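Report on one structure; see the data block that follows.
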Amino acid sequence: MPDFLRYPMVRHSYIIELKYLKTDATAEEAERQWSEAEEQIRKYAQGPRVRQLIGDTPLHLLILQLRGCDMERMGEIV
């Protein structure tokens, strides 16, 4: 969440959800994990404390899914 006292110029807020897949995970496991991450990050975003902390900045919800050291999938949830 933005620290408006130190950085009053902040214009956007972000929640970043990192998900790690086993290297041998199936496509179905990856898709299930992604769906769960979407649900989880939306719940975080609706929290009253988050709403209070972000002020009037737009909130961006980002999910990064990694397989080992490689990016499997990345996206912004709207």
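By convention here, the chains of the structure tokens are called A, B, ... in the order presented, each chain's residues are numbered starting at 1, and ligands are numbered starting at 1 in the order presented.
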
message: At a cut-off of 7 Å, using only C-alpha atoms, what residues contact stretch 18-23 of chain A? Leave out same-chain residues fewer than 3 positions from it and give the result as a list in words.
response: Ala30, Ile63, Leu64, Gln65, Leu66, Arg67 and Gly68 of chain A

Generate a file of the selected residues that holds N, CA, C and O atoms, formatted as a PDB file, in the first residue's frame.
ATOM      1  N   ALA A  30      -2.221 -25.883 -13.006  1.00  0.00           N
ATOM      2  CA  ALA A  30      -1.879 -24.473 -13.204  1.00  0.00           C
ATOM      3  C   ALA A  30      -3.139 -23.626 -13.316  1.00  0.00           C
ATOM      4  O   ALA A  30      -3.229 -22.548 -12.721  1.00  0.00           O
ATOM      5  N   ILE A  63      -1.353 -10.856 -10.690  1.00  0.00           N
ATOM      6  CA  ILE A  63      -0.998 -12.229 -10.339  1.00  0.00           C
ATOM      7  C   ILE A  63       0.193 -12.638 -11.182  1.00  0.00           C
ATOM      8  O   ILE A  63       0.207 -12.426 -12.396  1.00  0.00           O
ATOM      9  N   LEU A  64       1.189 -13.215 -10.520  1.00  0.00           N
ATOM     10  CA  LEU A  64       2.352 -13.781 -11.198  1.00  0.00           C
ATOM     11  C   LEU A  64       2.426 -15.249 -10.812  1.00  0.00           C
ATOM     12  O   LEU A  64       2.458 -15.577  -9.629  1.00  0.00           O
ATOM     13  N   GLN A  65       2.438 -16.096 -11.801  1.00  0.00           N
ATOM     14  CA  GLN A  65       2.515 -17.540 -11.580  1.00  0.00           C
ATOM     15  C   GLN A  65       3.850 -18.032 -12.143  1.00  0.00           C
ATOM     16  O   GLN A  65       4.133 -17.838 -13.322  1.00  0.00           O
ATOM     17  N   LEU A  66       4.637 -18.627 -11.274  1.00  0.00           N
ATOM     18  CA  LEU A  66       5.967 -19.094 -11.649  1.00  0.00           C
ATOM     19  C   LEU A  66       6.021 -20.611 -11.635  1.00  0.00           C
ATOM     20  O   LEU A  66       5.421 -21.255 -10.789  1.00  0.00           O
ATOM     21  N   ARG A  67       6.770 -21.151 -12.569  1.00  0.00           N
ATOM     22  CA  ARG A  67       7.047 -22.598 -12.618  1.00  0.00           C
ATOM     23  C   ARG A  67       8.561 -22.708 -12.515  1.00  0.00           C
ATOM     24  O   ARG A  67       9.280 -22.369 -13.454  1.00  0.00           O
ATOM     25  N   GLY A  68       9.025 -23.152 -11.353  1.00  0.00           N
ATOM     26  CA  GLY A  68      10.464 -23.150 -11.131  1.00  0.00           C
ATOM     27  C   GLY A  68      10.943 -21.710 -11.147  1.00  0.00           C
ATOM     28  O   GLY A  68      10.422 -20.872 -10.423  1.00  0.00           O
TER      29      GLY A  68
END

- request: Mind the document's chain letters and residue numbers, and return as number ranges by chain the residues of chain A that DSSP labels helix (DSSP H, G or I).
  value: A: 27-46, 48-54

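Using only C-alpha atoms, the residues found no farther than 9 Å from A:His60, other than those of its own chain fewer than 6 positions away, are A:His12, A:Ser13, A:Tyr14, A:Ile15, A:Ile16, A:Glu76, A:Ile77, A:Val78.
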
message: Based on the backbone DSSP call, show me all residues of chain A assigned strand (DSSP E), as an NGL selection string.
response: :A and (13-21 or 59-67 or 70-77)

Those residues with N, CA and C atoms, as a PDB file, in the first residue's frame please?
ATOM      1  N   SER A  13      -2.027   2.074  -6.646  1.00  0.00           N
ATOM      2  CA  SER A  13      -1.777   1.070  -5.613  1.00  0.00           C
ATOM      3  C   SER A  13      -1.851  -0.309  -6.251  1.00  0.00           C
ATOM      4  N   TYR A  14      -1.118  -1.254  -5.655  1.00  0.00           N
ATOM      5  CA  TYR A  14      -1.023  -2.594  -6.229  1.00  0.00           C
ATOM      6  C   TYR A  14      -1.134  -3.657  -5.141  1.00  0.00           C
ATOM      7  N   ILE A  15      -1.775  -4.752  -5.485  1.00  0.00           N
ATOM      8  CA  ILE A  15      -1.667  -5.988  -4.718  1.00  0.00           C
ATOM      9  C   ILE A  15      -1.082  -6.991  -5.695  1.00  0.00           C
ATOM     10  N   ILE A  16      -0.005  -7.635  -5.290  1.00  0.00           N
ATOM     11  CA  ILE A  16       0.653  -8.620  -6.150  1.00  0.00           C
ATOM     12  C   ILE A  16       0.577  -9.976  -5.467  1.00  0.00           C
ATOM     13  N   GLU A  17       0.002 -10.930  -6.154  1.00  0.00           N
ATOM     14  CA  GLU A  17      -0.124 -12.293  -5.647  1.00  0.00           C
ATOM     15  C   GLU A  17       0.866 -13.174  -6.416  1.00  0.00           C
ATOM     16  N   LEU A  18       1.802 -13.771  -5.704  1.00  0.00           N
ATOM     17  CA  LEU A  18       2.772 -14.677  -6.314  1.00  0.00           C
ATOM     18  C   LEU A  18       2.347 -16.112  -6.063  1.00  0.00           C
ATOM     19  N   LYS A  19       2.323 -16.897  -7.111  1.00  0.00           N
ATOM     20  CA  LYS A  19       1.984 -18.314  -7.006  1.00  0.00           C
ATOM     21  C   LYS A  19       3.097 -19.127  -7.636  1.00  0.00           C
ATOM     22  N   TYR A  20       3.472 -20.190  -6.964  1.00  0.00           N
ATOM     23  CA  TYR A  20       4.552 -21.049  -7.437  1.00  0.00           C
ATOM     24  C   TYR A  20       4.005 -22.426  -7.782  1.00  0.00           C
ATOM     25  N   LEU A  21       4.297 -22.881  -8.983  1.00  0.00           N
ATOM     26  CA  LEU A  21       3.926 -24.221  -9.431  1.00  0.00           C
ATOM     27  C   LEU A  21       5.129 -25.149  -9.309  1.00  0.00           C
ATOM     28  N   LEU A  59      -6.607   0.824  -7.714  1.00  0.00           N
ATOM     29  CA  LEU A  59      -5.983  -0.392  -7.215  1.00  0.00           C
ATOM     30  C   LEU A  59      -5.818  -1.391  -8.357  1.00  0.00           C
ATOM     31  N   HIS A  60      -4.597  -1.837  -8.579  1.00  0.00           N
ATOM     32  CA  HIS A  60      -4.295  -2.822  -9.611  1.00  0.00           C
ATOM     33  C   HIS A  60      -4.044  -4.165  -8.935  1.00  0.00           C
ATOM     34  N   LEU A  61      -4.687  -5.204  -9.427  1.00  0.00           N
ATOM     35  CA  LEU A  61      -4.539  -6.552  -8.891  1.00  0.00           C
ATOM     36  C   LEU A  61      -3.716  -7.372  -9.874  1.00  0.00           C
ATOM     37  N   LEU A  62      -2.515  -7.769  -9.459  1.00  0.00           N
ATOM     38  CA  LEU A  62      -1.595  -8.485 -10.340  1.00  0.00           C
ATOM     39  C   LEU A  62      -1.338  -9.883  -9.797  1.00  0.00           C
ATOM     40  N   ILE A  63      -1.353 -10.856 -10.690  1.00  0.00           N
ATOM     41  CA  ILE A  63      -0.998 -12.229 -10.339  1.00  0.00           C
ATOM     42  C   ILE A  63       0.193 -12.638 -11.182  1.00  0.00           C
ATOM     43  N   LEU A  64       1.189 -13.215 -10.520  1.00  0.00           N
ATOM     44  CA  LEU A  64       2.352 -13.781 -11.198  1.00  0.00           C
ATOM     45  C   LEU A  64       2.426 -15.249 -10.812  1.00  0.00           C
ATOM     46  N   GLN A  65       2.438 -16.096 -11.801  1.00  0.00           N
ATOM     47  CA  GLN A  65       2.515 -17.540 -11.580  1.00  0.00           C
ATOM     48  C   GLN A  65       3.850 -18.032 -12.143  1.00  0.00           C
ATOM     49  N   LEU A  66       4.637 -18.627 -11.274  1.00  0.00           N
ATOM     50  CA  LEU A  66       5.967 -19.094 -11.649  1.00  0.00           C
ATOM     51  C   LEU A  66       6.021 -20.611 -11.635  1.00  0.00           C
ATOM     52  N   ARG A  67       6.770 -21.151 -12.569  1.00  0.00           N
ATOM     53  CA  ARG A  67       7.047 -22.598 -12.618  1.00  0.00           C
ATOM     54  C   ARG A  67       8.561 -22.708 -12.515  1.00  0.00           C
ATOM     55  N   ASP A  70      10.862 -19.910 -14.002  1.00  0.00           N
ATOM     56  CA  ASP A  70      10.295 -19.325 -15.216  1.00  0.00           C
ATOM     57  C   ASP A  70       8.898 -18.784 -14.972  1.00  0.00           C
ATOM     58  N   MET A  71       8.586 -17.653 -15.643  1.00  0.00           N
ATOM     59  CA  MET A  71       7.262 -17.088 -15.580  1.00  0.00           C
ATOM     60  C   MET A  71       6.313 -17.980 -16.373  1.00  0.00           C
ATOM     61  N   GLU A  72       5.314 -18.505 -15.712  1.00  0.00           N
ATOM     62  CA  GLU A  72       4.296 -19.328 -16.378  1.00  0.00           C
ATOM     63  C   GLU A  72       3.205 -18.429 -16.958  1.00  0.00           C
ATOM     64  N   ARG A  73       2.749 -17.499 -16.125  1.00  0.00           N
ATOM     65  CA  ARG A  73       1.638 -16.633 -16.531  1.00  0.00           C
ATOM     66  C   ARG A  73       1.659 -15.391 -15.651  1.00  0.00           C
ATOM     67  N   MET A  74       1.254 -14.269 -16.232  1.00  0.00           N
ATOM     68  CA  MET A  74       1.170 -13.020 -15.485  1.00  0.00           C
ATOM     69  C   MET A  74      -0.023 -12.246 -16.026  1.00  0.00           C
ATOM     70  N   GLY A  75      -0.733 -11.585 -15.127  1.00  0.00           N
ATOM     71  CA  GLY A  75      -1.864 -10.805 -15.609  1.00  0.00           C
ATOM     72  C   GLY A  75      -2.437  -9.896 -14.562  1.00  0.00           C
ATOM     73  N   GLU A  76      -3.155  -8.883 -15.034  1.00  0.00           N
ATOM     74  CA  GLU A  76      -3.873  -7.973 -14.153  1.00  0.00           C
ATOM     75  C   GLU A  76      -5.332  -8.381 -14.148  1.00  0.00           C
ATOM     76  N   ILE A  77      -5.885  -8.505 -12.967  1.00  0.00           N
ATOM     77  CA  ILE A  77      -7.279  -8.911 -12.800  1.00  0.00           C
ATOM     78  C   ILE A  77      -8.123  -7.644 -12.730  1.00  0.00           C
TER      79      ILE A  77
END

- request: Using atom CA of A:Val10 and atom CA of A:Ala45 as the two end points, give the distance in Å to one decimal.
  value: 18.1 Å

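Closest approach to A:Thr57 among A:Arg6, A:Arg42, A:Arg11, A:Arg32: A:Arg11, based on only C-alpha atoms.
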